[in-house]
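> What follows is run37.txt; its format and atoms are compact mmCIF, C-alpha atoms.
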```
# COMPACT_ATOMS: atom_id res chain seq x y z
CA MET A 285 52.77 -107.07 -29.74
CA ASP A 286 51.92 -103.53 -28.73
CA ASP A 287 48.35 -102.31 -28.71
CA GLY A 288 47.47 -100.58 -31.95
CA VAL A 289 49.74 -102.68 -34.18
CA TYR A 290 46.95 -102.99 -36.76
CA SER A 291 46.56 -99.19 -36.89
CA LYS A 292 50.32 -98.76 -37.34
CA SER A 293 50.37 -101.27 -40.20
CA ARG A 294 47.36 -99.58 -41.77
CA GLU A 295 49.01 -96.14 -41.60
CA GLU A 296 52.22 -97.50 -43.11
CA LEU A 297 50.34 -98.94 -46.08
CA LEU A 298 48.28 -95.78 -46.56
CA GLU A 299 51.55 -93.79 -46.71
CA VAL A 300 52.86 -96.14 -49.42
CA GLY A 301 49.51 -95.74 -51.21
CA LYS A 302 49.80 -91.94 -51.22
CA LYS A 303 53.41 -92.02 -52.40
CA TYR A 304 52.62 -94.27 -55.37
CA ARG A 305 49.14 -92.85 -56.10
CA ILE A 306 47.28 -96.06 -55.38
CA PRO A 307 43.52 -95.27 -55.40
CA GLN A 308 42.74 -94.47 -51.77
CA ASP A 309 39.21 -95.93 -51.82
CA SER A 310 40.43 -99.32 -53.06
CA LEU A 311 43.28 -99.35 -50.55
CA GLU A 312 41.07 -98.42 -47.58
CA ASP A 313 38.56 -101.08 -48.58
CA PHE A 314 41.36 -103.68 -48.76
CA LEU A 315 42.79 -102.70 -45.36
CA GLU A 316 39.55 -103.47 -43.51
CA PRO A 317 39.21 -107.19 -42.69
CA ASN A 318 36.31 -108.91 -44.46
CA LYS A 319 35.16 -110.64 -41.28
CA ILE A 320 36.31 -111.00 -37.66
CA LEU A 321 34.93 -113.74 -35.46
CA GLU A 322 35.10 -113.25 -31.69
CA ILE A 323 34.02 -116.35 -29.79
CA SER A 324 33.70 -117.54 -26.21
CA ILE A 325 35.04 -121.02 -25.51
CA PRO A 326 33.98 -122.61 -22.21
CA LEU A 327 36.35 -125.22 -20.78
CA LYS A 328 35.81 -127.38 -17.71
CA ILE A 329 38.87 -127.28 -15.47
CA GLY A 330 38.32 -129.37 -12.36
CA GLU A 331 35.02 -128.24 -10.81
CA LYS A 332 35.10 -124.86 -12.55
CA THR A 333 34.17 -123.81 -16.06
CA ILE A 334 36.50 -121.12 -17.42
CA THR A 335 35.61 -119.18 -20.57
CA PHE A 336 38.42 -118.30 -22.98
CA LYS A 337 38.26 -115.73 -25.79
CA GLY A 338 38.95 -116.93 -29.31
CA PHE A 339 39.34 -115.07 -32.62
CA ARG A 340 39.55 -115.62 -36.36
CA SER A 341 40.27 -112.66 -38.63
CA GLN A 342 39.50 -113.27 -42.29
CA HIS A 343 41.24 -110.34 -43.87
CA ASN A 344 41.00 -110.63 -47.65
CA ASN A 345 40.18 -113.41 -50.13
CA ASN A 346 40.69 -111.69 -53.48
CA LEU A 347 43.42 -114.16 -54.45
CA GLY A 348 41.96 -117.29 -52.85
CA PRO A 349 40.87 -118.88 -49.54
CA TYR A 350 41.91 -117.13 -46.32
CA LYS A 351 45.18 -118.60 -45.01
CA GLY A 352 46.95 -118.13 -41.70
CA GLY A 353 48.01 -119.63 -38.42
CA LEU A 354 46.33 -120.18 -35.07
CA ARG A 355 48.21 -119.08 -31.95
CA PHE A 356 47.59 -119.96 -28.29
CA HIS A 357 49.00 -117.19 -26.11
CA PRO A 358 47.70 -115.08 -23.19
CA ASN A 359 48.19 -111.89 -25.26
CA VAL A 360 46.12 -112.94 -28.27
CA ASN A 361 43.61 -110.17 -28.99
CA LYS A 362 41.49 -108.71 -31.77
CA ASP A 363 44.03 -106.05 -32.76
CA GLU A 364 46.85 -108.58 -33.06
CA VAL A 365 44.95 -111.07 -35.23
CA MET A 366 43.72 -108.22 -37.48
CA ALA A 367 47.32 -107.06 -38.06
CA LEU A 368 48.65 -110.56 -38.58
CA SER A 369 45.86 -111.40 -41.04
CA LEU A 370 46.66 -108.23 -42.99
CA TRP A 371 50.32 -109.25 -43.19
CA MET A 372 49.25 -112.70 -44.38
CA SER A 373 47.26 -111.14 -47.22
CA LEU A 374 50.43 -109.34 -48.30
CA LYS A 375 52.71 -112.35 -47.77
CA THR A 376 50.62 -114.78 -49.84
CA ALA A 377 50.50 -112.25 -52.70
CA ILE A 378 54.28 -111.70 -52.59
CA VAL A 379 55.16 -115.39 -52.71
CA GLY A 380 52.56 -115.95 -55.43
CA VAL A 381 50.25 -118.54 -53.87
CA PRO A 382 46.47 -118.49 -54.48
CA PHE A 383 45.52 -117.60 -50.91
CA GLY A 384 44.23 -114.59 -49.05
CA GLY A 385 45.12 -113.65 -45.48
CA GLY A 386 43.72 -114.93 -42.21
CA LYS A 387 44.84 -115.37 -38.60
CA GLY A 388 43.33 -116.59 -35.38
CA GLY A 389 43.91 -117.91 -31.93
CA ILE A 390 42.86 -118.22 -28.32
CA ALA A 391 43.90 -116.01 -25.40
CA VAL A 392 45.29 -118.81 -23.21
CA ASP A 393 48.53 -120.01 -21.66
CA PRO A 394 48.65 -123.56 -23.07
CA LYS A 395 51.37 -124.55 -20.58
CA ALA A 396 48.82 -124.10 -17.75
CA LEU A 397 46.53 -126.79 -19.23
CA THR A 398 46.78 -130.57 -19.16
CA GLU A 399 47.03 -132.29 -22.53
CA LYS A 400 43.38 -133.39 -22.30
CA GLN A 401 42.24 -129.83 -21.47
CA LEU A 402 44.27 -128.54 -24.42
CA GLU A 403 42.63 -131.09 -26.70
CA ASN A 404 39.14 -130.16 -25.45
CA LEU A 405 39.88 -126.44 -25.99
CA SER A 406 41.20 -127.08 -29.52
CA ARG A 407 38.17 -129.13 -30.49
CA GLU A 408 35.74 -126.60 -28.99
CA TYR A 409 37.40 -123.81 -30.98
CA VAL A 410 36.77 -125.75 -34.20
CA ARG A 411 33.14 -126.39 -33.26
CA ARG A 412 32.65 -122.64 -33.04
CA ILE A 413 34.38 -121.69 -36.32
CA HIS A 414 33.44 -124.83 -38.32
CA GLU A 415 31.03 -123.01 -40.63
CA VAL A 416 33.58 -120.44 -41.82
CA ILE A 417 36.56 -122.71 -42.52
CA GLY A 418 37.07 -125.26 -45.30
CA PRO A 419 39.49 -126.14 -48.12
CA HIS A 420 38.12 -123.36 -50.34
CA LYS A 421 37.05 -120.94 -47.58
CA ASP A 422 39.70 -120.61 -44.87
CA VAL A 423 42.73 -122.86 -44.25
CA PRO A 424 44.27 -122.56 -40.73
CA ALA A 425 47.75 -123.77 -39.69
CA PRO A 426 49.98 -123.90 -36.59
CA ASP A 427 51.54 -120.72 -35.18
CA VAL A 428 52.84 -119.62 -31.76
CA ASN A 429 52.36 -122.42 -29.16
CA THR A 430 50.41 -124.64 -31.55
CA ASN A 431 51.84 -127.69 -33.30
CA PRO A 432 50.92 -130.65 -35.55
CA LYS A 433 49.31 -132.52 -32.63
CA ILE A 434 46.91 -129.61 -31.94
CA ILE A 435 46.17 -129.28 -35.67
CA ASP A 436 45.48 -133.05 -35.84
CA TRP A 437 42.87 -132.70 -33.07
CA MET A 438 41.28 -129.78 -34.88
CA MET A 439 41.26 -131.59 -38.20
CA ASP A 440 39.68 -134.68 -36.61
CA GLU A 441 36.94 -132.52 -35.08
CA TYR A 442 36.35 -130.69 -38.38
CA ILE A 443 35.96 -133.98 -40.26
CA LYS A 444 33.46 -135.29 -37.66
CA LEU A 445 31.39 -132.10 -37.92
CA SER A 446 31.54 -132.09 -41.74
CA LYS A 447 30.25 -135.65 -41.92
CA LYS A 448 27.43 -134.83 -39.51
CA SER A 449 26.37 -131.76 -41.51
CA GLY A 450 26.03 -133.62 -44.79
CA GLY A 451 29.65 -133.41 -45.91
CA LYS A 452 29.74 -137.11 -46.73
CA GLN A 453 29.75 -136.23 -50.41
CA GLN A 454 33.09 -134.47 -49.92
CA LYS A 455 36.09 -136.74 -50.39
CA LEU A 456 38.13 -137.27 -47.24
CA HIS A 457 41.34 -135.92 -48.78
CA HIS A 458 39.49 -132.67 -49.59
CA LEU A 459 38.51 -132.34 -45.93
CA TYR A 460 42.13 -132.92 -44.88
CA SER A 461 43.17 -129.92 -46.96
CA THR A 462 41.24 -127.62 -44.57
CA PHE A 463 44.29 -127.53 -42.29
CA THR A 464 48.01 -127.43 -43.06
CA GLY A 465 50.89 -128.20 -40.72
CA LYS A 466 49.41 -131.59 -39.83
CA SER A 467 51.32 -134.72 -38.87
CA LYS A 468 48.68 -136.93 -40.49
CA TYR A 469 48.55 -136.27 -44.25
CA GLY A 470 51.10 -133.50 -43.74
CA LEU A 471 53.92 -132.41 -46.04
CA GLU A 472 57.48 -133.68 -46.08
CA GLY A 473 59.67 -130.58 -45.83
CA ARG A 474 57.04 -128.37 -44.15
CA THR A 475 59.07 -128.24 -40.90
CA GLU A 476 62.08 -126.86 -42.76
CA ALA A 477 60.13 -124.61 -45.15
CA THR A 478 60.32 -121.22 -43.36
CA GLY A 479 64.04 -121.39 -42.52
CA PHE A 480 64.86 -122.87 -45.92
CA GLY A 481 62.94 -120.11 -47.72
CA GLY A 482 64.76 -117.42 -45.74
CA VAL A 483 68.13 -118.80 -46.82
CA VAL A 484 66.99 -118.85 -50.47
CA VAL A 485 66.24 -115.11 -50.10
CA LEU A 486 69.66 -114.53 -48.49
CA LYS A 487 71.46 -116.43 -51.27
CA GLU A 488 69.64 -114.44 -53.98
CA LEU A 489 70.45 -111.18 -52.20
CA ALA A 490 74.13 -112.19 -51.93
CA LYS A 491 74.18 -112.86 -55.70
CA LYS A 492 72.75 -109.40 -56.46
CA LEU A 493 75.30 -107.75 -54.17
CA LYS A 494 78.11 -109.97 -55.51
CA LEU A 495 78.96 -111.28 -52.04
CA ASP A 496 80.87 -114.51 -51.49
CA PRO A 497 79.00 -116.51 -48.81
CA LYS A 498 82.31 -117.93 -47.53
CA LYS A 499 83.39 -114.41 -46.57
CA GLN A 500 80.13 -113.50 -44.79
CA THR A 501 79.56 -113.88 -41.05
CA VAL A 502 76.04 -114.47 -39.71
CA ALA A 503 74.47 -114.10 -36.24
CA ILE A 504 71.02 -115.56 -35.58
CA MET A 505 68.79 -114.49 -32.70
CA GLY A 506 66.35 -117.32 -32.02
CA PHE A 507 67.20 -121.02 -32.26
CA GLY A 508 63.74 -122.51 -32.48
CA ASN A 509 62.44 -124.24 -35.59
CA VAL A 510 62.95 -121.26 -37.92
CA GLY A 511 66.32 -120.16 -36.51
CA TYR A 512 67.75 -123.69 -36.47
CA TYR A 513 66.83 -124.48 -40.07
CA PHE A 514 68.00 -121.05 -41.22
CA ALA A 515 71.36 -121.71 -39.50
CA LYS A 516 71.59 -125.22 -40.96
CA PHE A 517 70.85 -124.26 -44.57
CA ALA A 518 72.96 -121.06 -44.37
CA SER A 519 75.95 -123.09 -43.13
CA GLU A 520 75.44 -125.64 -45.91
CA ALA A 521 75.39 -122.76 -48.43
CA GLY A 522 78.83 -121.64 -47.19
CA PHE A 523 77.87 -118.76 -44.87
CA ASN A 524 79.79 -118.59 -41.57
CA VAL A 525 77.22 -118.80 -38.75
CA ILE A 526 79.31 -117.57 -35.80
CA ALA A 527 76.62 -116.87 -33.17
CA VAL A 528 73.18 -118.21 -32.29
CA SER A 529 70.92 -117.56 -29.32
CA ASP A 530 67.79 -118.80 -27.60
CA SER A 531 65.62 -117.14 -24.93
CA LYS A 532 68.33 -117.63 -22.28
CA GLY A 533 71.18 -116.10 -24.29
CA GLY A 534 73.65 -116.83 -27.07
CA ILE A 535 76.97 -118.51 -27.80
CA ILE A 536 80.00 -117.47 -29.79
CA LYS A 537 83.50 -118.88 -30.17
CA LYS A 538 86.53 -116.68 -30.78
CA GLY A 539 89.49 -118.20 -32.63
CA ASP A 540 93.01 -116.75 -32.77
CA LYS A 541 92.09 -113.99 -35.19
CA ALA A 542 88.39 -114.29 -35.90
CA TYR A 543 85.15 -115.90 -34.75
CA THR A 544 84.92 -119.64 -35.42
CA PRO A 545 81.91 -120.90 -37.41
CA LEU A 546 79.63 -123.10 -35.31
CA ASP A 547 78.77 -126.68 -36.26
CA ILE A 548 74.99 -126.21 -36.33
CA PRO A 549 73.78 -129.87 -36.16
CA LEU A 550 76.11 -130.41 -33.17
CA VAL A 551 74.83 -127.22 -31.52
CA LEU A 552 71.27 -128.52 -31.87
CA ASP A 553 72.23 -131.90 -30.35
CA CYS A 554 73.90 -130.09 -27.46
CA LYS A 555 70.88 -127.83 -26.91
CA LEU A 556 68.51 -130.82 -26.89
CA GLU A 557 70.74 -132.55 -24.36
CA LYS A 558 71.23 -129.55 -22.05
CA GLY A 559 67.88 -127.82 -22.56
CA SER A 560 69.45 -124.51 -23.64
CA LEU A 561 72.42 -123.25 -25.64
CA ALA A 562 74.56 -122.41 -22.59
CA GLY A 563 77.94 -124.11 -22.99
CA CYS A 564 77.24 -125.51 -26.48
CA TYR A 565 80.38 -124.22 -28.21
CA CYS A 566 80.36 -126.63 -31.13
CA ALA A 567 82.86 -126.06 -33.94
CA GLY A 568 84.95 -128.34 -36.12
CA GLY A 569 83.05 -131.45 -35.10
CA VAL A 570 83.45 -131.09 -31.32
CA CYS A 571 81.60 -129.38 -28.50
CA ASP A 572 83.75 -128.05 -25.67
CA THR A 573 83.91 -125.11 -23.27
CA ARG A 574 87.32 -123.84 -24.35
CA SER A 575 87.47 -120.34 -25.83
CA GLY A 576 83.69 -120.18 -26.10
CA GLN A 577 81.70 -117.44 -24.46
CA LEU A 578 78.12 -116.82 -23.51
CA ILE A 579 76.58 -113.59 -24.75
CA SER A 580 73.20 -111.98 -24.14
CA ASN A 581 70.65 -111.54 -26.90
CA GLU A 582 71.30 -107.80 -26.78
CA GLU A 583 75.04 -108.39 -27.25
CA LEU A 584 74.35 -110.71 -30.19
CA LEU A 585 72.43 -107.95 -31.98
CA LYS A 586 75.45 -105.63 -31.68
CA LEU A 587 78.05 -108.08 -33.03
CA PRO A 588 80.26 -106.88 -35.92
CA VAL A 589 78.79 -109.45 -38.34
CA ASP A 590 77.88 -109.01 -42.00
CA ILE A 591 74.39 -110.51 -41.69
CA LEU A 592 72.01 -110.35 -38.73
CA VAL A 593 68.97 -112.64 -38.56
CA PRO A 594 66.34 -111.82 -35.89
CA ALA A 595 64.29 -115.05 -35.85
CA ALA A 596 62.44 -114.88 -32.52
CA LEU A 597 60.46 -111.87 -31.32
CA GLU A 598 59.04 -108.63 -32.70
CA ASP A 599 60.59 -105.20 -32.06
CA VAL A 600 64.00 -106.49 -30.89
CA ILE A 601 65.77 -103.89 -33.03
CA ASN A 602 64.33 -100.54 -31.97
CA GLU A 603 65.19 -96.93 -31.21
CA ASN A 604 67.07 -97.98 -28.05
CA ASN A 605 69.65 -100.14 -29.85
CA MET A 606 69.46 -99.22 -33.56
CA GLN A 607 72.63 -97.09 -33.37
CA ASN A 608 74.59 -100.13 -32.17
CA ILE A 609 73.69 -102.39 -35.11
CA LYS A 610 76.82 -103.11 -37.16
CA ALA A 611 75.44 -105.64 -39.68
CA LYS A 612 75.15 -104.54 -43.33
CA ILE A 613 72.26 -106.93 -44.04
CA ILE A 614 69.29 -107.89 -41.84
CA VAL A 615 67.04 -110.82 -42.75
CA GLU A 616 63.74 -110.56 -40.83
CA MET A 617 62.74 -114.15 -40.02
CA ALA A 618 60.52 -113.14 -37.07
CA ASN A 619 57.38 -111.05 -37.65
CA GLY A 620 58.21 -107.34 -37.27
CA PRO A 621 61.60 -107.69 -35.50
CA VAL A 622 62.72 -104.23 -36.64
CA SER A 623 60.55 -101.35 -35.37
CA PRO A 624 59.40 -98.71 -37.92
CA LYS A 625 61.77 -96.04 -36.49
CA ALA A 626 64.72 -98.44 -36.53
CA TYR A 627 63.80 -99.54 -40.06
CA HIS A 628 63.92 -95.96 -41.30
CA TYR A 629 67.16 -95.18 -39.45
CA LEU A 630 68.98 -98.31 -40.65
CA THR A 631 67.87 -98.07 -44.29
CA GLU A 632 68.98 -94.42 -44.33
CA LYS A 633 72.39 -95.68 -43.17
CA GLY A 634 72.50 -98.12 -46.08
CA VAL A 635 71.60 -101.33 -44.26
CA ILE A 636 69.72 -103.70 -46.57
CA ILE A 637 66.75 -105.31 -44.82
CA ALA A 638 64.97 -108.32 -46.32
CA PRO A 639 61.47 -107.77 -44.86
CA ASP A 640 59.55 -110.45 -42.97
CA ILE A 641 56.70 -110.57 -45.51
CA LEU A 642 59.25 -111.74 -48.09
CA ALA A 643 61.94 -113.49 -46.01
CA ASN A 644 59.70 -115.73 -43.90
CA SER A 645 57.08 -116.49 -46.56
CA GLY A 646 58.56 -119.95 -47.16
CA GLY A 647 56.16 -121.20 -44.48
CA VAL A 648 53.02 -120.23 -46.36
CA ALA A 649 54.57 -121.42 -49.64
CA GLY A 650 55.06 -124.81 -47.97
CA SER A 651 51.48 -124.69 -46.68
CA PHE A 652 50.24 -124.13 -50.23
CA ILE A 653 52.13 -127.23 -51.45
CA GLU A 654 50.60 -129.28 -48.59
CA TRP A 655 47.09 -127.96 -49.39
CA GLU A 656 47.54 -128.82 -53.08
CA GLN A 657 48.94 -132.27 -52.20
CA ASN A 658 45.83 -133.05 -50.13
CA LEU A 659 43.39 -131.73 -52.75
CA LYS A 660 45.04 -133.89 -55.42
CA ASN A 661 45.28 -136.87 -53.04
CA LYS A 662 49.03 -137.20 -53.69
CA LYS A 663 52.15 -137.55 -51.54
CA TYR A 664 55.08 -135.33 -52.47
CA LYS A 665 58.70 -136.21 -51.58
CA LYS A 666 60.80 -133.80 -49.53
CA GLU A 667 63.42 -133.27 -52.25
CA ALA A 668 60.75 -132.27 -54.77
CA VAL A 669 59.03 -130.01 -52.19
CA LEU A 670 62.24 -128.11 -51.36
CA LYS A 671 63.13 -127.76 -55.04
CA ARG A 672 59.72 -126.28 -55.80
CA LEU A 673 59.89 -124.07 -52.73
CA GLU A 674 63.29 -122.78 -53.81
CA LYS A 675 61.88 -121.72 -57.20
CA MET A 676 58.89 -119.99 -55.57
CA MET A 677 61.16 -118.02 -53.21
CA GLN A 678 63.60 -117.12 -56.02
CA ASP A 679 60.74 -115.79 -58.14
CA ALA A 680 59.31 -113.79 -55.22
CA PHE A 681 62.72 -112.27 -54.45
CA GLU A 682 63.36 -111.42 -58.11
CA ASN A 683 59.97 -109.67 -58.41
CA VAL A 684 60.57 -107.62 -55.24
CA TRP A 685 64.15 -106.77 -56.26
CA ASN A 686 63.07 -105.55 -59.71
CA ILE A 687 60.34 -103.32 -58.23
CA SER A 688 62.83 -101.89 -55.70
CA LYS A 689 65.29 -101.02 -58.49
CA LYS A 690 62.60 -99.59 -60.77
CA ASN A 691 61.21 -97.36 -58.01
CA LYS A 692 64.57 -96.68 -56.29
CA THR A 693 63.19 -97.85 -52.97
CA ASN A 694 63.88 -100.41 -50.23
CA LEU A 695 62.81 -104.06 -50.32
CA LYS A 696 59.99 -103.56 -47.79
CA GLU A 697 58.28 -100.85 -49.80
CA ALA A 698 58.84 -102.89 -52.97
CA SER A 699 57.20 -105.90 -51.27
CA TYR A 700 54.17 -103.77 -50.35
CA LEU A 701 53.90 -102.52 -53.94
CA LEU A 702 54.09 -106.03 -55.39
CA ALA A 703 51.40 -107.32 -53.02
CA LEU A 704 49.02 -104.37 -53.41
CA ASN A 705 49.36 -104.43 -57.18
CA LYS A 706 48.31 -108.10 -57.27
CA ILE A 707 45.49 -107.85 -54.72
CA LEU A 708 43.90 -104.58 -55.84
CA LYS A 709 43.93 -105.55 -59.54
CA THR A 710 41.98 -108.72 -58.76
CA PRO A 711 38.18 -108.36 -58.86
CA GLN A 712 36.69 -108.07 -55.36
CA LYS A 713 35.22 -111.26 -53.93
CA SER A 714 32.08 -111.20 -51.86
CA LYS A 715 32.55 -110.54 -48.17
```
Please lay out the structure from this file as structure tokens.

Amino acid sequence: MDDGVYSKSREELLEVGKKYRIPQDSLEDFLEPNKILEISIPLKIGEKTITFKGFRSQHNNNLGPYKGGLRFHPNVNKDEVMALSLWMSLKTAIVGVPFGGGKGGIAVDPKALTEKQLENLSREYVRRIHEVIGPHKDVPAPDVNTNPKIIDWMMDEYIKLSKKSGGKQQKLHHLYSTFTGKSKYGLEGRTEATGFGGVVVLKELAKKLKLDPKKQTVAIMGFGNVGYYFAKFASEAGFNVIAVSDSKGGIIKKGDKAYTPLDIPLVLDCKLEKGSLAGCYCAGGVCDTRSGQLISNEELLKLPVDILVPAALEDVINENNMQNIKAKIIVEMANGPVSPKAYHYLTEKGVIIAPDILANSGGVAGSFIEWEQNLKNKKYKKEAVLKRLEKMMQDAFENVWNISKKNKTNLKEASYLLALNKILKTPQKSK
């Protein structure tokens, strides 16, 4: 993310506040994070001790405990976690879960560490933030370059520290609810939740626009966890996924007259076997190299498809390529994949953009169900989880859609209005 992303987000929300006469004092107070922890984490690597910088931004807890992921990446910095925690405050309000917004991480390249060093770093991070997290204080989760294994280490360390500091009275299942995205005591369906939720939003949007999924073509940039599950559930819903890409490029298959829909489970199998999507032209139950072609990520964005789904990086649709976008609908599954200038330009042209804070909020909705499951000491089945998640996403979409129609505005501005209305009308909690 660029430097100053928090300032840009702040300005955008202040503009919305002015336009809709939201009391400026309340809005400015909300925009400032409640607390930001900056910590130093020493780690022994060989004979040397290297100190890494860690962060946790607790943005707002008006609606409930702070909630948000932990990322391990060399570019993690204070500005980034502040912006991401602000977006989490908005996202949790939009999807209607009783959480506030938080975000954190460590400025590190995890690929440069051994597994043991990574475990030591993860545990040391928890030792330094232990006092400010907890099932009713702040509930972290995985994010960029973190996974259930890392969360399991953190959870184990948190439980040890809680027992030492007199937390024996707390039931173990309550302590487990301090983290979501775990493998131990985790949630069935959590892996699919973000991609699944995005497809629910797309299906609801298609209904409003009276579009037949079978006549809609879809291109997805990013074939990681979110992109794969989005592709899978979109295909199952009848949409024609004709192009997908990973960091090395994308694939597409041209038939006699039109692009051929890809067989998504086969594409995944092929990618796992080959290590990337190159050559994985899977359609109609077979993978072959006939009539398939490799395309770059930039070429994928310019395809003449009905629906474009950026599900990887931020700012991929920007002032340099916005005039080449041919899709009528964009579903933002990555955080901030459409730059502010491109957003304005495309919406003026009539492109409908389902914003990230709505479209990818299935992840935090799933996290809420996991948190609740742990607090109640229950085990929910995947089918029930996805059914509940579907209803939560449908309700969130309906609320945003109604506000957009009432105020004659786009879905992003409507999402901001929905979130701010909920958060600012809730009595302030102590900081």
> To one decimal place in Å, what is the distance between CA of Val615 in chain A and CA of Ile637 in chain A?
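Distance between the two atoms: 5.9 Å.
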> The residues within 6 Å of (61.0, -131.7, -47.6), using all atoms listed in the file and the coordinates of the file, should be reported as a list in words; which are they?
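Within 6 Å of (61.0, -131.7, -47.6), the protein and nucleic acid residues are Glu472, Gly473, Lys666, Glu667, Val669 and Leu670 of chain A.
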> Using all atoms listed in the file, collect all residues at a distance of at most 9 Å from (68.5, -113.5, -29.3) as written in the file, then present them as number ranges by chain.
A: 504-507, 528-534, 580-585, 594-597, 600
> Would you pick out the contacts of range 510-526 of chain A at 10 Å or less, using only C-alpha atoms, so that residues sharing its chain but fewer than 4 positions from it are not included, and give the list as a PDB file with C-alpha atoms, in the coordinates of the input?

```pdb
ATOM      1  CA  THR A 475      59.070-128.240 -40.900  1.00  0.00           C
ATOM      2  CA  GLU A 476      62.080-126.860 -42.760  1.00  0.00           C
ATOM      3  CA  ALA A 477      60.130-124.610 -45.150  1.00  0.00           C
ATOM      4  CA  THR A 478      60.320-121.220 -43.360  1.00  0.00           C
ATOM      5  CA  GLY A 479      64.040-121.390 -42.520  1.00  0.00           C
ATOM      6  CA  PHE A 480      64.860-122.870 -45.920  1.00  0.00           C
ATOM      7  CA  GLY A 481      62.940-120.110 -47.720  1.00  0.00           C
ATOM      8  CA  GLY A 482      64.760-117.420 -45.740  1.00  0.00           C
ATOM      9  CA  VAL A 483      68.130-118.800 -46.820  1.00  0.00           C
ATOM     10  CA  VAL A 484      66.990-118.850 -50.470  1.00  0.00           C
ATOM     11  CA  LEU A 486      69.660-114.530 -48.490  1.00  0.00           C
ATOM     12  CA  LYS A 487      71.460-116.430 -51.270  1.00  0.00           C
ATOM     13  CA  ASP A 496      80.870-114.510 -51.490  1.00  0.00           C
ATOM     14  CA  PRO A 497      79.000-116.510 -48.810  1.00  0.00           C
ATOM     15  CA  LYS A 498      82.310-117.930 -47.530  1.00  0.00           C
ATOM     16  CA  LYS A 499      83.390-114.410 -46.570  1.00  0.00           C
ATOM     17  CA  GLN A 500      80.130-113.500 -44.790  1.00  0.00           C
ATOM     18  CA  THR A 501      79.560-113.880 -41.050  1.00  0.00           C
ATOM     19  CA  VAL A 502      76.040-114.470 -39.710  1.00  0.00           C
ATOM     20  CA  ALA A 503      74.470-114.100 -36.240  1.00  0.00           C
ATOM     21  CA  ILE A 504      71.020-115.560 -35.580  1.00  0.00           C
ATOM     22  CA  MET A 505      68.790-114.490 -32.700  1.00  0.00           C
ATOM     23  CA  GLY A 506      66.350-117.320 -32.020  1.00  0.00           C
ATOM     24  CA  ASP A 530      67.790-118.800 -27.600  1.00  0.00           C
ATOM     25  CA  ILE A 535      76.970-118.510 -27.800  1.00  0.00           C
ATOM     26  CA  ILE A 536      80.000-117.470 -29.790  1.00  0.00           C
ATOM     27  CA  LYS A 537      83.500-118.880 -30.170  1.00  0.00           C
ATOM     28  CA  LYS A 538      86.530-116.680 -30.780  1.00  0.00           C
ATOM     29  CA  ALA A 542      88.390-114.290 -35.900  1.00  0.00           C
ATOM     30  CA  TYR A 543      85.150-115.900 -34.750  1.00  0.00           C
ATOM     31  CA  THR A 544      84.920-119.640 -35.420  1.00  0.00           C
ATOM     32  CA  PRO A 545      81.910-120.900 -37.410  1.00  0.00           C
ATOM     33  CA  LEU A 546      79.630-123.100 -35.310  1.00  0.00           C
ATOM     34  CA  ASP A 547      78.770-126.680 -36.260  1.00  0.00           C
ATOM     35  CA  ILE A 548      74.990-126.210 -36.330  1.00  0.00           C
ATOM     36  CA  PRO A 549      73.780-129.870 -36.160  1.00  0.00           C
ATOM     37  CA  VAL A 551      74.830-127.220 -31.520  1.00  0.00           C
ATOM     38  CA  LEU A 552      71.270-128.520 -31.870  1.00  0.00           C
ATOM     39  CA  ALA A 567      82.860-126.060 -33.940  1.00  0.00           C
ATOM     40  CA  LEU A 587      78.050-108.080 -33.030  1.00  0.00           C
ATOM     41  CA  VAL A 589      78.790-109.450 -38.340  1.00  0.00           C
ATOM     42  CA  ASP A 590      77.880-109.010 -42.000  1.00  0.00           C
ATOM     43  CA  ILE A 591      74.390-110.510 -41.690  1.00  0.00           C
ATOM     44  CA  LEU A 592      72.010-110.350 -38.730  1.00  0.00           C
ATOM     45  CA  VAL A 593      68.970-112.640 -38.560  1.00  0.00           C
ATOM     46  CA  PRO A 594      66.340-111.820 -35.890  1.00  0.00           C
ATOM     47  CA  ALA A 595      64.290-115.050 -35.850  1.00  0.00           C
ATOM     48  CA  ALA A 596      62.440-114.880 -32.520  1.00  0.00           C
ATOM     49  CA  MET A 617      62.740-114.150 -40.020  1.00  0.00           C
ATOM     50  CA  ALA A 618      60.520-113.140 -37.070  1.00  0.00           C
ATOM     51  CA  ASN A 644      59.700-115.730 -43.900  1.00  0.00           C
ATOM     52  CA  GLY A 647      56.160-121.200 -44.480  1.00  0.00           C
TER      53      GLY A 647
END
```
> Using all atoms listed in the file for the distances, tell me which of A:Gly508, A:Ser293, A:Glu299, A:Trp655 is nearest to Leu556 in chain A.
A:Gly508
> Taking only C-alpha atoms into account, name the residue in A:Ala643, A:Ala698, A:Leu659, A:Leu445 that is nearest to Val379 in chain A.
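That would be A:Ala643, the residue with the smallest distance to Val379 in chain A.
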> Find, counting all atoms listed in the file, the residue in A:Glu295, A:Glu654, A:Asp363, A:Asp572 that gets nearest to Gly465 in chain A.
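Checking each of A:Glu295, A:Glu654, A:Asp363, A:Asp572 against Gly465 in chain A, counting all atoms listed in the file, the winner is A:Glu654.
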> Let me make sure I understand: among A:Ser467, A:Asn318, A:Thr335, A:Asn658, which one has the smallest atom-to-atom distance to Tyr409 in chain A if we use all atoms listed in the file?
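Closest to Tyr409 in chain A of all the choices is A:Thr335.
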> Which of these, A:Thr631, A:Ile320, A:Lys675, A:Val570, has the shortest distance to Asp553 in chain A once you count all atoms listed in the file?
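Checking each of A:Thr631, A:Ile320, A:Lys675, A:Val570 against Asp553 in chain A, counting all atoms listed in the file, the winner is A:Val570.
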